[in-house]
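Student: Here you go, this is my_file.txt (compact mmCIF, C-alpha atoms and all ligand atoms).
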```
# COMPACT_ATOMS: atom_id res chain seq x y z
CA MET Q 1 -31.77 3.48 -4.93
CA HIS Q 2 -32.05 5.70 -8.01
CA GLU Q 3 -34.99 7.47 -9.49
CA ILE Q 4 -35.97 6.55 -13.05
CA SER Q 5 -37.49 9.76 -14.28
CA ASP Q 6 -38.18 8.98 -17.93
CA LEU Q 7 -40.48 6.03 -17.25
CA ILE Q 8 -43.93 5.77 -15.74
CA ALA Q 9 -45.87 2.73 -14.48
CA CYS Q 10 -49.58 1.95 -14.66
CA GLU Q 11 -50.96 1.58 -11.11
CA HIS Q 12 -53.59 -0.86 -12.29
CA CYS Q 13 -51.66 -3.41 -14.34
CA ASP Q 14 -48.00 -2.57 -13.66
CA ALA Q 15 -47.07 -1.97 -17.31
CA VAL Q 16 -44.14 0.43 -17.75
CA PHE Q 17 -44.16 3.19 -20.33
CA HIS Q 18 -41.95 5.98 -21.58
CA LYS Q 19 -43.15 9.22 -20.10
CA LEU Q 20 -44.69 11.56 -22.63
CA SER Q 21 -44.82 15.26 -22.07
CA LEU Q 22 -48.47 16.21 -22.02
CA SER Q 23 -49.93 19.55 -22.93
CA ASN Q 24 -52.71 21.16 -20.95
CA GLY Q 25 -55.64 18.89 -20.19
CA GLU Q 26 -54.17 15.88 -21.96
CA ILE Q 27 -54.57 12.47 -20.41
CA ALA Q 28 -52.31 9.49 -21.01
CA ARG Q 29 -53.94 6.08 -20.90
CA CYS Q 30 -52.43 2.67 -20.47
CA THR Q 31 -52.51 0.67 -23.71
CA ARG Q 32 -52.68 -2.57 -21.77
CA CYS Q 33 -55.61 -2.02 -19.40
CA GLY Q 34 -57.02 1.36 -20.38
CA ALA Q 35 -56.53 3.07 -17.02
CA GLU Q 36 -55.44 6.68 -16.74
CA ILE Q 37 -51.73 6.88 -15.95
CA ASP Q 38 -50.83 10.50 -16.34
CA ARG Q 39 -52.48 13.83 -16.85
CA ASN Q 40 -51.46 17.42 -17.21
CA ALA Q 41 -53.36 18.87 -14.27
CA GLN Q 42 -51.94 22.38 -14.25
CA GLU Q 43 -55.06 24.04 -15.65
CA ARG Q 44 -57.35 21.94 -13.51
CA ARG Q 45 -55.51 23.15 -10.45
CA ASN Q 46 -56.19 26.80 -11.19
CA HIS Q 47 -59.95 26.15 -11.24
CA LEU Q 48 -59.73 23.98 -8.19
CA LEU Q 49 -58.97 26.53 -5.48
CA PRO Q 50 -62.01 28.79 -6.05
CA LEU Q 51 -64.18 25.72 -6.44
CA THR Q 52 -62.92 24.28 -3.16
CA ILE Q 53 -63.64 27.53 -1.32
CA ALA Q 54 -67.14 27.69 -2.81
CA SER Q 55 -67.76 24.05 -1.85
CA LEU Q 56 -66.74 24.79 1.74
CA ILE Q 57 -69.25 27.64 1.96
CA ILE Q 58 -72.05 25.57 0.42
CA PHE Q 59 -71.12 22.72 2.74
CA VAL Q 60 -71.64 24.93 5.80
CA ILE Q 61 -75.04 26.06 4.48
CA ALA Q 62 -76.05 22.47 3.68
CA ASN Q 63 -75.31 21.41 7.23
CA THR Q 64 -76.74 24.41 9.08
CA PHE Q 65 -80.25 24.52 7.66
CA PRO Q 66 -82.91 21.81 7.64
CA ILE Q 67 -82.93 19.60 4.55
CA VAL Q 68 -86.66 19.19 4.49
CA GLN Q 69 -89.78 19.76 6.55
CA ILE Q 70 -92.76 17.44 6.60
CA GLU Q 71 -96.29 18.29 7.56
CA LEU Q 72 -98.67 15.60 8.69
CA GLN Q 73 -102.18 16.65 9.71
CA GLY Q 74 -100.97 19.95 11.12
CA LEU Q 75 -97.97 18.44 12.86
CA VAL Q 76 -94.57 19.58 11.64
CA SER Q 77 -91.21 17.87 11.74
CA LYS Q 78 -87.90 18.84 10.19
CA THR Q 79 -84.30 17.71 10.33
CA THR Q 80 -80.78 18.64 9.41
CA LEU Q 81 -78.22 16.02 8.43
CA MET Q 82 -76.64 16.25 11.88
CA GLY Q 83 -80.12 15.91 13.43
CA ALA Q 84 -80.61 12.63 11.56
CA VAL Q 85 -77.24 11.39 12.79
CA LEU Q 86 -78.15 12.30 16.36
CA SER Q 87 -81.52 10.49 16.24
CA LEU Q 88 -79.75 7.41 14.92
CA SER Q 89 -77.26 7.46 17.77
CA THR Q 90 -79.92 7.78 20.45
CA GLU Q 91 -81.66 4.74 19.01
CA GLY Q 92 -78.86 2.33 19.68
CA VAL Q 93 -77.61 2.10 16.12
CA SER Q 94 -74.63 4.31 16.86
CA LEU Q 95 -72.44 2.35 14.42
CA VAL Q 96 -74.69 3.45 11.59
CA ALA Q 97 -74.76 6.98 13.01
CA LEU Q 98 -70.95 7.01 12.92
CA LEU Q 99 -70.92 5.68 9.35
CA VAL Q 100 -73.30 8.39 8.17
CA LEU Q 101 -71.41 11.07 10.08
CA ALA Q 102 -68.11 9.97 8.56
CA THR Q 103 -69.22 9.53 4.95
CA THR Q 104 -71.40 12.61 4.58
CA ILE Q 105 -69.97 15.19 7.00
CA LEU Q 106 -66.56 14.39 8.42
CA PHE Q 107 -64.71 12.93 5.42
CA PRO Q 108 -65.99 15.36 2.76
CA PHE Q 109 -65.22 18.26 5.11
CA MET Q 110 -61.70 16.98 5.75
CA GLN Q 111 -61.14 16.43 2.02
CA MET Q 112 -62.14 20.02 1.23
CA LEU Q 113 -60.10 21.52 4.09
CA ILE Q 114 -56.97 19.56 3.19
CA LEU Q 115 -57.31 20.38 -0.49
CA PHE Q 116 -57.79 24.05 0.37
CA TYR Q 117 -54.64 24.03 2.49
CA LEU Q 118 -52.61 22.23 -0.17
CA LEU Q 119 -53.75 24.52 -2.96
CA ILE Q 120 -53.05 27.87 -1.32
CA PRO Q 121 -50.38 29.44 -3.50
CA SER Q 122 -47.19 29.79 -1.60
CA THR Q 123 -43.85 31.23 -2.55
CA ASN Q 124 -41.92 28.56 -0.77
CA PRO Q 125 -43.30 24.98 -0.92
CA ASP Q 126 -41.08 24.01 1.99
CA ASP Q 127 -43.11 26.09 4.41
CA ARG Q 128 -46.11 23.83 3.98
CA PRO Q 129 -45.72 21.33 6.80
CA GLY Q 130 -47.35 17.93 6.53
CA PHE Q 131 -47.65 18.05 2.73
CA SER Q 132 -46.83 14.38 2.25
CA LEU Q 133 -48.93 13.20 5.19
CA LEU Q 134 -51.95 15.22 4.05
CA ILE Q 135 -51.82 13.83 0.52
CA ARG Q 136 -51.75 10.35 2.05
CA VAL Q 137 -54.82 11.21 4.16
CA MET Q 138 -56.57 12.59 1.05
CA GLN Q 139 -55.92 9.37 -0.83
CA MET Q 140 -57.27 7.29 2.04
CA LEU Q 141 -60.42 9.41 2.40
CA ARG Q 142 -61.16 9.45 -1.31
CA PRO Q 143 -63.36 6.34 -1.57
CA TRP Q 144 -65.29 7.20 1.60
CA GLY Q 145 -66.81 10.61 0.94
CA MET Q 146 -70.34 9.90 -0.28
CA VAL Q 147 -72.23 13.16 -0.65
CA GLU Q 148 -73.61 12.19 -4.06
CA VAL Q 149 -74.98 8.89 -2.76
CA PHE Q 150 -76.54 10.74 0.18
CA MET Q 151 -78.20 13.12 -2.28
CA LEU Q 152 -79.87 10.21 -4.08
CA GLY Q 153 -80.86 8.83 -0.65
CA VAL Q 154 -82.59 12.13 0.18
CA LEU Q 155 -84.59 11.96 -3.04
CA VAL Q 156 -85.65 8.35 -2.43
CA ALA Q 157 -86.67 9.18 1.16
CA LEU Q 158 -88.71 12.18 0.03
CA ILE Q 159 -90.60 10.22 -2.62
CA LYS Q 160 -91.27 7.56 -0.02
CA LEU Q 161 -92.73 10.18 2.34
CA SER Q 162 -94.67 12.05 -0.31
CA ASN Q 163 -97.42 9.43 -0.06
CA MET Q 164 -98.14 10.14 3.58
CA ALA Q 165 -97.11 13.72 4.25
CA THR Q 166 -96.71 17.16 2.72
CA ILE Q 167 -93.09 17.92 1.95
CA ILE Q 168 -91.53 21.37 2.09
CA PRO Q 169 -87.96 21.38 0.73
CA GLY Q 170 -85.49 23.31 2.90
CA ILE Q 171 -82.54 25.50 1.91
CA ALA Q 172 -80.13 22.68 2.66
CA LEU Q 173 -81.76 20.47 0.03
CA TRP Q 174 -80.74 22.91 -2.71
CA ALA Q 175 -77.36 23.37 -1.08
CA PHE Q 176 -76.80 19.61 -1.15
CA CYS Q 177 -77.73 19.52 -4.85
CA MET Q 178 -75.09 22.16 -5.59
CA LEU Q 179 -72.54 20.53 -3.32
CA THR Q 180 -72.99 17.21 -5.14
CA VAL Q 181 -72.16 18.78 -8.49
CA MET Q 182 -69.19 20.75 -7.12
CA LEU Q 183 -67.72 17.89 -5.16
CA THR Q 184 -67.87 15.65 -8.21
CA VAL Q 185 -65.32 17.98 -9.77
CA VAL Q 186 -63.29 18.67 -6.61
CA VAL Q 187 -63.02 15.09 -5.38
CA SER Q 188 -62.40 13.57 -8.81
CA PHE Q 189 -59.06 15.37 -8.74
CA ASN Q 190 -56.50 12.71 -7.95
CA PRO Q 191 -54.32 14.03 -5.08
CA ARG Q 192 -51.35 12.25 -6.68
CA TYR Q 193 -51.14 15.05 -9.26
CA LEU Q 194 -50.42 17.52 -6.47
CA TRP Q 195 -46.94 16.00 -6.38
CA GLN Q 196 -46.48 16.65 -10.05
CA LEU Q 197 -47.59 20.28 -9.57
CA GLU Q 198 -45.32 20.69 -6.59
CA ILE Q 199 -42.38 19.57 -8.69
CA SER Q 200 -43.12 22.00 -11.50
CA GLU Q 201 -43.45 24.78 -8.93
CA GLN Q 202 -40.02 24.00 -7.60
CA GLU Q 203 -38.56 23.86 -11.08
CA GLU Q 204 -39.91 27.28 -11.92
CA LYS Q 205 -37.86 28.92 -9.21
CA MET W 1 -59.34 16.61 -23.94
CA THR W 2 -57.38 14.22 -26.03
CA ASN W 3 -56.45 10.69 -25.19
CA ASN W 4 -52.82 10.07 -25.50
CA ALA W 5 -51.88 6.44 -25.97
CA MET W 6 -48.62 5.61 -24.28
CA ILE W 7 -45.75 3.75 -25.87
CA ASN W 8 -44.74 0.81 -23.77
CA ILE W 9 -41.03 0.28 -23.82
CA ALA W 10 -41.75 -3.26 -24.91
CA THR W 11 -43.17 -2.03 -28.18
CA LEU W 12 -40.11 0.00 -29.09
CA PRO W 13 -37.95 -1.71 -31.70
CA LYS W 14 -34.81 -2.35 -29.74
CA THR W 15 -32.01 -4.67 -30.78
CA GLU W 16 -31.91 -8.35 -29.88
CA LEU W 17 -34.30 -7.99 -27.01
CA ASN W 18 -37.18 -7.89 -29.44
CA THR W 19 -37.98 -11.58 -29.14
CA GLU W 20 -37.99 -11.41 -25.37
CA PHE W 21 -40.15 -8.36 -25.54
CA ALA W 22 -42.56 -10.08 -27.85
CA ARG W 23 -42.99 -12.92 -25.37
CA ALA W 24 -43.57 -10.71 -22.39
CA ARG W 25 -45.68 -8.29 -24.48
CA PHE W 26 -45.58 -5.65 -21.81
CA LYS W 27 -42.68 -4.79 -19.56
CA THR W 28 -43.78 -4.31 -15.99
CA THR W 29 -42.13 -2.88 -12.90
CA SER W 30 -41.87 -6.40 -11.47
CA SER W 31 -40.22 -7.79 -14.60
CA LEU W 32 -37.80 -4.84 -14.69
CA GLY W 33 -37.02 -5.03 -11.00
CA ILE W 34 -38.11 -1.52 -10.21
CA LEU W 35 -40.49 -0.35 -7.50
CA ALA W 36 -43.23 2.19 -8.14
CA CYS W 37 -44.31 4.52 -5.35
CA HIS W 38 -48.06 4.08 -4.92
CA GLN W 39 -48.39 7.61 -3.59
CA CYS W 40 -46.41 9.94 -5.86
CA GLY W 41 -45.87 7.55 -8.78
CA LYS W 42 -42.07 7.82 -8.94
CA LEU W 43 -40.15 4.75 -10.06
CA TRP W 44 -37.08 3.51 -8.18
CA LYS W 45 -34.29 1.28 -9.39
CA GLU W 46 -32.37 -0.90 -6.92
CA ALA W 47 -34.90 -0.27 -4.20
CA GLN W 48 -35.84 -2.87 -1.60
CA GLU W 49 -39.36 -3.91 -0.68
CA GLY W 50 -40.35 -1.89 2.39
CA GLU W 51 -37.90 0.95 1.78
CA ARG W 52 -39.19 4.50 1.81
CA CYS W 53 -39.73 6.63 -1.29
CA LEU W 54 -37.08 9.36 -1.33
CA HIS W 55 -39.52 11.81 -2.81
CA CYS W 56 -42.63 11.46 -0.63
CA ASN W 57 -41.58 9.06 2.14
CA ALA W 58 -44.28 6.45 1.44
CA THR W 59 -43.34 2.80 1.95
CA LEU W 60 -42.53 1.03 -1.31
CA HIS W 61 -44.15 -2.29 -2.15
CA MET W 62 -44.11 -4.38 -5.29
CA ARG W 63 -47.74 -5.36 -4.64
CA LYS W 64 -50.23 -4.43 -1.92
CA PRO W 65 -48.99 -6.50 1.04
CA ASP W 66 -50.90 -9.73 1.68
CA SER W 67 -53.55 -8.64 -0.79
CA LEU W 68 -55.28 -11.97 -1.50
CA ASN W 69 -55.51 -13.08 2.15
CA ARG W 70 -56.94 -9.76 3.27
CA THR W 71 -59.42 -9.69 0.42
CA TRP W 72 -60.51 -13.25 1.20
CA ALA W 73 -61.05 -12.49 4.90
CA LEU W 74 -63.08 -9.34 4.21
CA LEU W 75 -65.06 -11.04 1.46
CA ILE W 76 -66.07 -14.00 3.61
CA THR W 77 -67.08 -11.73 6.51
CA ALA W 78 -69.16 -9.67 4.06
CA CYS W 79 -70.91 -12.83 2.84
CA ILE W 80 -71.81 -13.80 6.40
CA MET W 81 -73.17 -10.32 7.16
CA TYR W 82 -75.15 -10.40 3.92
CA ILE W 83 -77.63 -12.85 5.46
CA PRO W 84 -78.79 -10.75 8.47
CA ALA W 85 -78.63 -7.66 6.25
CA ASN W 86 -81.39 -9.10 4.10
CA MET W 87 -83.36 -11.04 6.73
CA LEU W 88 -83.60 -8.52 9.58
CA PRO W 89 -85.77 -5.40 9.45
CA VAL W 90 -83.93 -2.23 8.50
CA MET W 91 -86.72 0.11 9.48
CA ILE W 92 -89.66 0.05 11.89
CA THR W 93 -92.61 2.34 11.23
CA SER W 94 -95.03 2.92 14.11
CA THR W 95 -98.17 4.91 13.50
CA PHE W 96 -101.20 5.56 15.66
CA PHE W 97 -102.79 2.38 14.34
CA ASP W 98 -100.10 -0.19 13.79
CA THR W 99 -96.40 -1.02 13.64
CA HIS W 100 -94.72 -2.60 10.70
CA GLN W 101 -91.22 -3.70 9.90
CA ASP W 102 -89.42 -3.32 6.59
CA THR W 103 -86.55 -5.36 5.25
CA ILE W 104 -84.50 -4.21 2.25
CA LEU W 105 -86.57 -6.35 -0.11
CA SER W 106 -89.98 -5.50 1.35
CA GLY W 107 -89.10 -1.83 0.91
CA ILE W 108 -88.48 -2.44 -2.78
CA ILE W 109 -91.73 -4.41 -3.11
CA PHE W 110 -93.58 -1.54 -1.42
CA PHE W 111 -92.36 0.89 -4.09
CA TRP W 112 -93.23 -1.61 -6.82
CA VAL W 113 -96.83 -2.23 -5.75
CA SER W 114 -97.49 1.44 -5.06
CA GLY W 115 -96.58 2.20 -8.67
CA ASP W 116 -93.21 3.89 -8.20
CA TRP W 117 -91.48 1.62 -10.68
CA GLY W 118 -88.55 3.90 -11.41
CA LEU W 119 -87.83 4.23 -7.72
CA ALA W 120 -88.28 0.51 -7.17
CA ALA W 121 -85.71 -0.08 -9.92
CA ILE W 122 -83.17 2.38 -8.42
CA VAL W 123 -83.44 0.91 -4.93
CA PHE W 124 -83.43 -2.65 -6.31
CA ILE W 125 -80.23 -1.98 -8.24
CA ALA W 126 -78.42 -0.05 -5.49
CA SER W 127 -79.46 -2.12 -2.49
CA PHE W 128 -79.90 -5.60 -3.85
CA LEU W 129 -78.21 -6.10 -7.20
CA VAL W 130 -75.03 -4.06 -6.57
CA PRO W 131 -74.04 -5.80 -3.29
CA LEU W 132 -74.74 -9.21 -4.84
CA LEU W 133 -72.84 -8.52 -8.05
CA LYS W 134 -70.02 -7.01 -6.06
CA LEU W 135 -69.60 -10.11 -3.92
CA ALA W 136 -69.73 -12.33 -7.02
CA SER W 137 -67.26 -10.13 -8.95
CA LEU W 138 -64.79 -10.06 -6.07
CA PHE W 139 -64.94 -13.85 -5.80
CA ILE W 140 -64.21 -14.18 -9.53
CA LEU W 141 -61.34 -11.66 -9.27
CA VAL W 142 -59.72 -13.24 -6.21
CA ILE W 143 -60.02 -16.83 -7.40
CA SER W 144 -58.75 -16.11 -10.91
CA ALA W 145 -55.87 -14.00 -9.53
CA GLN W 146 -54.95 -16.79 -7.16
CA ARG W 147 -54.80 -19.28 -10.03
CA GLN W 148 -52.81 -16.78 -12.13
CA SER W 149 -55.37 -17.31 -14.81
CA LEU W 150 -54.91 -15.91 -18.31
CA TRP W 151 -58.66 -15.89 -18.82
CA ARG W 152 -60.08 -12.56 -20.05
CA GLN W 153 -57.54 -10.36 -18.29
CA LEU W 154 -58.74 -7.13 -19.84
CA GLU W 155 -62.37 -7.84 -18.95
CA ARG W 156 -61.36 -8.67 -15.39
CA ALA W 157 -59.42 -5.40 -15.14
CA LYS W 158 -62.52 -3.56 -16.34
CA LEU W 159 -64.69 -5.52 -13.89
CA TYR W 160 -62.46 -4.42 -11.01
CA HIS W 161 -62.71 -0.81 -12.13
CA LEU W 162 -66.50 -1.13 -12.25
CA VAL W 163 -66.63 -2.65 -8.76
CA GLU W 164 -64.61 0.30 -7.46
CA ILE W 165 -66.96 2.83 -9.04
CA ILE W 166 -70.35 1.35 -8.19
CA GLY W 167 -69.55 -0.09 -4.74
CA ARG W 168 -70.31 3.11 -2.88
CA TRP W 169 -73.83 3.38 -4.29
CA SER W 170 -75.11 0.51 -2.15
CA MET W 171 -74.85 2.91 0.79
CA LEU W 172 -78.12 4.36 -0.54
CA ASP W 173 -80.40 2.47 1.82
CA VAL W 174 -78.35 3.47 4.86
CA PHE W 175 -78.91 7.11 3.96
CA VAL W 176 -82.60 6.64 3.19
CA VAL W 177 -83.20 5.02 6.58
CA SER W 178 -81.11 7.67 8.41
CA LEU W 179 -83.06 10.51 6.90
CA LEU W 180 -86.44 8.90 7.54
CA VAL W 181 -85.46 8.22 11.15
CA GLY W 182 -84.36 11.83 11.60
CA LEU W 183 -87.42 13.25 9.93
CA VAL W 184 -90.36 11.14 10.98
CA GLN W 185 -90.36 11.75 14.71
CA ILE W 186 -93.88 12.91 15.40
CA GLN W 187 -94.44 11.60 18.91
CA GLY W 188 -97.38 9.26 19.29
CA PHE W 189 -98.51 9.84 15.75
CA ALA W 190 -95.91 8.51 13.39
CA GLN W 191 -92.42 7.44 14.23
CA ILE W 192 -89.74 5.65 12.23
CA THR W 193 -86.90 3.88 13.99
CA ALA W 194 -83.91 2.02 12.60
CA GLY W 195 -83.80 -1.78 12.73
CA VAL W 196 -80.73 -3.95 13.39
CA GLY W 197 -80.74 -5.03 9.75
CA ILE W 198 -79.34 -1.64 8.74
CA VAL W 199 -76.24 -2.21 10.89
CA ALA W 200 -75.58 -5.50 9.08
CA PHE W 201 -76.32 -3.87 5.75
CA GLY W 202 -73.91 -1.01 6.42
CA ALA W 203 -71.31 -3.57 7.45
CA VAL W 204 -71.71 -5.42 4.12
CA VAL W 205 -71.16 -2.18 2.19
CA VAL W 206 -68.09 -1.21 4.21
CA LEU W 207 -66.62 -4.73 4.12
CA THR W 208 -67.02 -5.12 0.35
CA MET W 209 -65.49 -1.68 -0.17
CA LEU W 210 -62.54 -2.64 2.04
CA ALA W 211 -62.25 -5.93 0.16
CA SER W 212 -62.06 -4.19 -3.21
CA LEU W 213 -59.56 -1.68 -1.81
CA SER W 214 -57.30 -4.43 -0.50
CA PHE W 215 -57.37 -6.32 -3.79
CA ASP W 216 -54.40 -5.42 -5.97
CA PRO W 217 -55.54 -5.21 -9.63
CA ARG W 218 -51.97 -5.83 -10.78
CA LEU W 219 -52.43 -9.43 -9.63
CA ILE W 220 -54.79 -9.89 -12.59
CA TRP W 221 -51.78 -9.48 -14.87
CA ASP W 222 -49.26 -11.40 -12.75
CA THR W 223 -49.53 -14.63 -14.66
CA ALA W 224 -47.13 -17.55 -14.75
CA ASP W 225 -46.36 -16.54 -18.32
CA SER W 226 -45.12 -13.06 -17.44
CA GLN W 227 -43.05 -14.39 -14.58
CA ILE W 228 -41.04 -16.72 -16.79
CA SER W 229 -40.09 -13.92 -19.10
CA SER W 230 -39.31 -11.63 -16.18
CA GLN W 231 -36.38 -13.82 -15.27
CA SER W 232 -34.82 -13.57 -18.67
CA VAL W 233 -35.09 -9.83 -19.18
CA THR W 234 -33.58 -7.91 -16.36
CA ALA W 235 -32.67 -4.49 -17.62
CA ILE W 236 -34.63 -1.83 -19.38
CA ASP W 237 -31.87 -0.35 -21.44
CA GLY W 238 -30.84 -3.66 -22.94
CA SER W 239 -27.32 -3.44 -21.53
CA ASN W 240 -27.94 -6.38 -19.24
CA LYS W 241 -29.65 -8.75 -21.60
CA SER W 242 -29.62 -12.46 -21.00
CA VAL W 243 -30.61 -15.65 -22.75
ZN ZN J 1 -52.50 -0.47 -17.15
ZN ZN J 2 -43.31 8.51 -3.43
```
Do you think you could lay out the structure here as structure tokens?

Tutor:
Amino acid sequence: MHEISDLIACEHCDAVFHKLSLSNGEIARCTRCGAEIDRNAQERRNHLLPLTIASLIIFVIANTFPIVQIELQGLVSKTTLMGAVLSLSTEGVSLVALLVLATTILFPFMQMLILFYLLIPSTNPDDRPGFSLLIRVMQMLRPWGMVEVFMLGVLVALIKLSNMATIIPGIALWAFCMLTVMLTVVVSFNPRYLWQLEISEQEEK
Amino acid sequence: MTNNAMINIATLPKTELNTEFARARFKTTSSLGILACHQCGKLWKEAQEGERCLHCNATLHMRKPDSLNRTWALLITACIMYIPANMLPVMITSTFFDTHQDTILSGIIFFWVSGDWGLAAIVFIASFLVPLLKLASLFILVISAQRQSLWRQLERAKLYHLVEIIGRWSMLDVFVVSLLVGLVQIQGFAQITAGVGIVAFGAVVVLTMLASLSFDPRLIWDTADSQISSQSVTAIDGSNKSV
């Protein structure tokens, strides 16, 4: 078993190419199917750590405060995301409650935490236990974090309610808006490139 | 950001292998007998199916194991769940005066008749059109891959990519219902509860996502044609060329 280091394969159509050395921000695309095969992610990585930390803070705010408050003939009701999950689970649709919990809270939170851990600059890459396992977890979680879809869901629900009740947006609504934008950048980072960065780190030494 | 087109080794002018290369058009890992690590992207020569990547320890496979069977099973289950997802109520609204039940479609019609056309269109696309198109697309992809069809390979590759991107958006209705259930809990006055339909609907979304994840897009390109040429060209450097 030998490594072939001068070639690269397209994950989507299996075509094999000669590896090109890419400068900062350059993307290599497959000429057969058009998919991205390689990218110089060094610069991206430098922006990623602060952005991940900021996302984690916003995430906590988004989940602590109520998303919205409704007022109906003097009666008031409000909910956080977790509150919505809990009311679902008490109503016997606990499978749906689990699905919402996983896709909007648990998975995005895990993605951010893992990315944060993997991105912390360290002098010795060997003292980062679980590197390979965590990248695998990141790749598995990637399709299942759905904060942006949830955001659209909130908007649809609010318009639906606006006919029958007065709506007062909560702090978490704005936090979710920000989180959607930030996570689009954070989560679109393919964890596979962390390997590439790890290698260049080792080579520098 | 610039796009950098790659040079496939097949397109390099290289000795007598040119004719073979022309027939195969693109050299692939399967035709070259190398295994690509799906996790870190490294390529391995003389590696066995099921061996571990020396770089990241992931298991090496030529293709996703048992891809077509898994995709079929998930796809058929999704089709079965699609029926209760659209027939059963997803949401039950009880007010002081009456109780009424909403299915996915009646929710869309409600938006339409109350004049929220933009919203009706968004929910119609995300909750009705996307799941339906996704099921249809996956059927086309699986059947054509199974027949090793040469029909519109590039378009099918793009279709798969599209299915992967838009699939998640059908979760929209699950989130709408969850939020309404959490929010509208004014005892005795107005209360929204979730219906069983939303469980089936959530299942359809998860099953179709799993189906598209278990489908291996490389199967689109694994045609009978490329397999014939793979037997005649075995080495990448041309030192091991054959008839
Ligand atoms: Zn490709
Ligand atoms: Zn690997």

Student: At a cut-off of 7 Å, list the chain Q residues touching chain W, using all atoms listed in the file, as an mmCIF file with C-alpha atoms, in the frame of the given file.

Tutor:
```cif
data_model
loop_
_atom_site.group_PDB
_atom_site.id
_atom_site.type_symbol
_atom_site.label_atom_id
_atom_site.label_comp_id
_atom_site.auth_asym_id
_atom_site.auth_seq_id
_atom_site.Cartn_x
_atom_site.Cartn_y
_atom_site.Cartn_z
ATOM 1 C CA MET Q 1 -31.770 3.480 -4.930
ATOM 2 C CA HIS Q 2 -32.050 5.700 -8.010
ATOM 3 C CA GLU Q 3 -34.990 7.470 -9.490
ATOM 4 C CA ILE Q 4 -35.970 6.550 -13.050
ATOM 5 C CA ILE Q 8 -43.930 5.770 -15.740
ATOM 6 C CA ALA Q 9 -45.870 2.730 -14.480
ATOM 7 C CA HIS Q 12 -53.590 -0.860 -12.290
ATOM 8 C CA CYS Q 13 -51.660 -3.410 -14.340
ATOM 9 C CA ASP Q 14 -48.000 -2.570 -13.660
ATOM 10 C CA ALA Q 15 -47.070 -1.970 -17.310
ATOM 11 C CA VAL Q 16 -44.140 0.430 -17.750
ATOM 12 C CA PHE Q 17 -44.160 3.190 -20.330
ATOM 13 C CA HIS Q 18 -41.950 5.980 -21.580
ATOM 14 C CA GLY Q 25 -55.640 18.890 -20.190
ATOM 15 C CA GLU Q 26 -54.170 15.880 -21.960
ATOM 16 C CA ILE Q 27 -54.570 12.470 -20.410
ATOM 17 C CA ALA Q 28 -52.310 9.490 -21.010
ATOM 18 C CA ARG Q 29 -53.940 6.080 -20.900
ATOM 19 C CA CYS Q 30 -52.430 2.670 -20.470
ATOM 20 C CA THR Q 31 -52.510 0.670 -23.710
ATOM 21 C CA CYS Q 33 -55.610 -2.020 -19.400
ATOM 22 C CA SER Q 77 -91.210 17.870 11.740
ATOM 23 C CA LYS Q 78 -87.900 18.840 10.190
ATOM 24 C CA THR Q 79 -84.300 17.710 10.330
ATOM 25 C CA GLY Q 83 -80.120 15.910 13.430
ATOM 26 C CA ALA Q 84 -80.610 12.630 11.560
ATOM 27 C CA VAL Q 85 -77.240 11.390 12.790
ATOM 28 C CA SER Q 87 -81.520 10.490 16.240
ATOM 29 C CA LEU Q 88 -79.750 7.410 14.920
ATOM 30 C CA VAL Q 93 -77.610 2.100 16.120
ATOM 31 C CA LEU Q 95 -72.440 2.350 14.420
ATOM 32 C CA VAL Q 96 -74.690 3.450 11.590
ATOM 33 C CA SER Q 132 -46.830 14.380 2.250
ATOM 34 C CA VAL Q 149 -74.980 8.890 -2.760
ATOM 35 C CA PHE Q 150 -76.540 10.740 0.180
ATOM 36 C CA GLY Q 153 -80.860 8.830 -0.650
ATOM 37 C CA VAL Q 154 -82.590 12.130 0.180
ATOM 38 C CA VAL Q 156 -85.650 8.350 -2.430
ATOM 39 C CA ALA Q 157 -86.670 9.180 1.160
ATOM 40 C CA ARG Q 192 -51.350 12.250 -6.680
ATOM 41 C CA TRP Q 195 -46.940 16.000 -6.380
#
```

Student: What does the distance between CA of Leu60 in chain W and CA of Arg39 in chain Q come to in Å, to one decimal place?

Tutor: 22.5 Å

Student: From the set Q:Ala35, Q:Val186, Q:Leu158, Q:Leu20, which residue has the shortest atom-to-atom contact distance to ligand ZN 1 (chain J), counting all atoms listed in the file?

Tutor: Q:Ala35

Student: Name the residues in contact with Leu49 in chain Q at a cut-off of 7 Å, using only C-alpha atoms, excluding same-chain residues fewer than 4 positions from it; report them as a VMD selection string.

Tutor: chain Q and resid 45 53 116 119

Student: I'd like to know which of W:His61, W:Arg70, W:Arg147, W:Arg52 is closest to ligand ZN 2 (chain J), using only C-alpha atoms and all ligand atoms.

Tutor: W:Arg52

Student: Rounded to one decimal, what separation in Å do you get between CA of Leu118 in chain Q and CA of Met138 in chain Q?

Tutor: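 CA of Leu118 in chain Q sits 10.5 Å away from CA of Met138 in chain Q.
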
Student: Just checking: using only C-alpha atoms and all ligand atoms, which residue out of W:Gly33, W:Ser127, W:Thr59, W:Glu49 ends up closest to ligand ZN 2 (chain J)?

Tutor: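 Between W:Gly33, W:Ser127, W:Thr59, W:Glu49, the residue approaching ligand ZN 2 (chain J) most closely is W:Thr59.
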
Student: What is the distance between CA of Pro84 in chain W and CA of Ile104 in chain W, in Å to one decimal?

Tutor: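 These atoms are spaced 10.7 Å apart.
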
Student: Pick from Q:Thr80, Q:Met140, Q:Leu133, Q:Val181: nearest to ligand ZN 2 (chain J), with only C-alpha atoms and all ligand atoms counted?

Tutor: Q:Leu133
